[in-house]
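I have placed the structure first, in the form of structure tokens, so that the comments after it can refer back to it.
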Amino acid sequence: MPELPEVEITRRHLAGVMTGALIQEVAVTHERTARYNSGPREVEDRLVGRRVSDVGRTGKFLHATLDDGQMMVAHLGMSGRFTIDGEAEPHTHFRASLDTGNIVRFVDPRTFGFVAVFNEEEIGFSGLARLGPDAWTSPLGPAELEQALAGRTAAIKALLLDQGLISGLGNIYADEALHKARIHPMSAGGSIASGELAALIQAIREVLEAAIENGGTSLSDLAYLLPDGRAGENLEQLMVYGRTDLPCLTCGTPIRRILVRSRSTHFCPSCQQGPSA
DNA sequence: ACCTCCCTGGCC
DNA sequence: GGCCAGGGAGGT
């Protein structure tokens, strides 16, 4: 499932082919993919003839600035990925032909993702406007994180997934960062000592850095692939995610899986103990 | 601050 | 043949 590292890798590929290019033809072939505009036709009409000035990312949202001040905004959701000059494979819901000859496609079997075109006002009402600071490009400092978590009784795992607090972390990297920082996922956010928060900030940075370097995490379902079709190689770096009942790679204790806010959560009961344990 | 829904391929 | 995966929007 695409999280910040996978979206960042996608952004770099898209920036390489889209920056400076003219969008000549667009086809949106699934209603749901265009659900944040009035429909496929609007997305097509607002993109055709526009030139892309840059491709950015905030949290898990991709955004390309267009020459008329609009933005193309995309989210990969659960199963979305962009391909560049790939084949017209099943579940392709968006295709853009550029004046460079490159063809960008959006493939998304579960249709949790979307492609939208927003002007400045529309962006203010979109999910983009509700994002907290990006976990990679604008990481909170220890004092800021401590302030953000003060008084919060919710589990730290749930808080790390709250995109309004910090944007970009999903289920995989939240579990990985908590393991690296040796924090129990059920710890109340406001109860975590400042030293542990400093460790958490560092763990988030290291987990994301490794994932980006490794091309992201492609799980066995291969829902996520790089835009050039290759699988990311970060799976083998995962310490807890998807390793239920397997020995902890740090201490050998079997990894446990619990539900936190109905999200599967993986942790080592030995390495990650609550502050009181 | 919580719950429900959306959606489909893959797996038991 | 049914269940699971889960990000984010919208509602209570």
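Letters A, B, ... mark the chains of the structure tokens in the order given; residue numbers begin at 1 per chain; ligand numbers begin at 1, in order shown.
The residues of chain C lying at most 9 Å from chain A, with only C-alpha atoms (C1' of nucleotides) taken into account, are C:DA5, C:DG6, C:DG7, C:DG8, C:DA9.
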Suppose we keep C-alpha atoms (C1' of nucleotides); can you now write the selection as a PDB file, in the first residue's frame?
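In the end it all went to again24.pdb:
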```pdb
ATOM      1  C1'  DA C   5      -6.338  -5.658   3.131  1.00  0.00           C
ATOM      2  C1'  DG C   6      -6.888  -0.327   4.409  1.00  0.00           C
ATOM      3  C1'  DG C   7      -6.664   5.664   3.243  1.00  0.00           C
ATOM      4  C1'  DG C   8      -9.616   8.995   3.616  1.00  0.00           C
ATOM      5  C1'  DA C   9     -14.282  11.221   3.569  1.00  0.00           C
TER       6       DA C   9
END
```
request  = With a distance threshold of 10 Å and counting only C-alpha atoms (C1' of nucleotides), extract the residues of chain B near chain A and express them as an NGL selection string.
outcome  = :B and (1-3 or 6-10)
task = Find the spatial neighbours of Gly86 in chain A, counting only C-alpha atoms (C1' of nucleotides), within a cut-off of 9 Å - ignore same-chain residues fewer than 2 positions away - and output them as an MDAnalysis selection string.
result = chainID A and resid 83:84 88:89 103:105 227:229
request  = Run DSSP on the backbone of this structure and report the residues of range 63-264 of chain A it assigns to strand (DSSP E or B), as a ChimeraX atom specification.
outcome  = /A:63-66,71-75,81-84,92-98,103-107,114-118,134,155,167,188,217,233,247,254,256-260,263-264
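Residue nearest Pro5 in chain A, chosen from A:Leu22, A:Leu219, A:Leu149, A:Leu169 and counting only C-alpha atoms: A:Leu169.
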query = What is the CA of Gly69 in chain A-CA of Phe125 in chain A distance in Å, reported with one decimal?
reply = 16.3 Å
request  = Report the residues of range 62-222 of chain A whose backbone DSSP state falls under alpha helix (DSSP H), written as a PyMOL selection string.
outcome  = chain A and resi 120-125+142-149+156-161+171-180+194-213
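Across the structure, C1' of DG1 in chain C and C1' of DC12 in chain B are spaced 10.5 Å apart.
Here the question is which of A:Ala135, A:Ala143, A:Leu249, A:Leu47 gets nearest to Ile204 in chain A using only C-alpha atoms, and that residue is A:Ala135.
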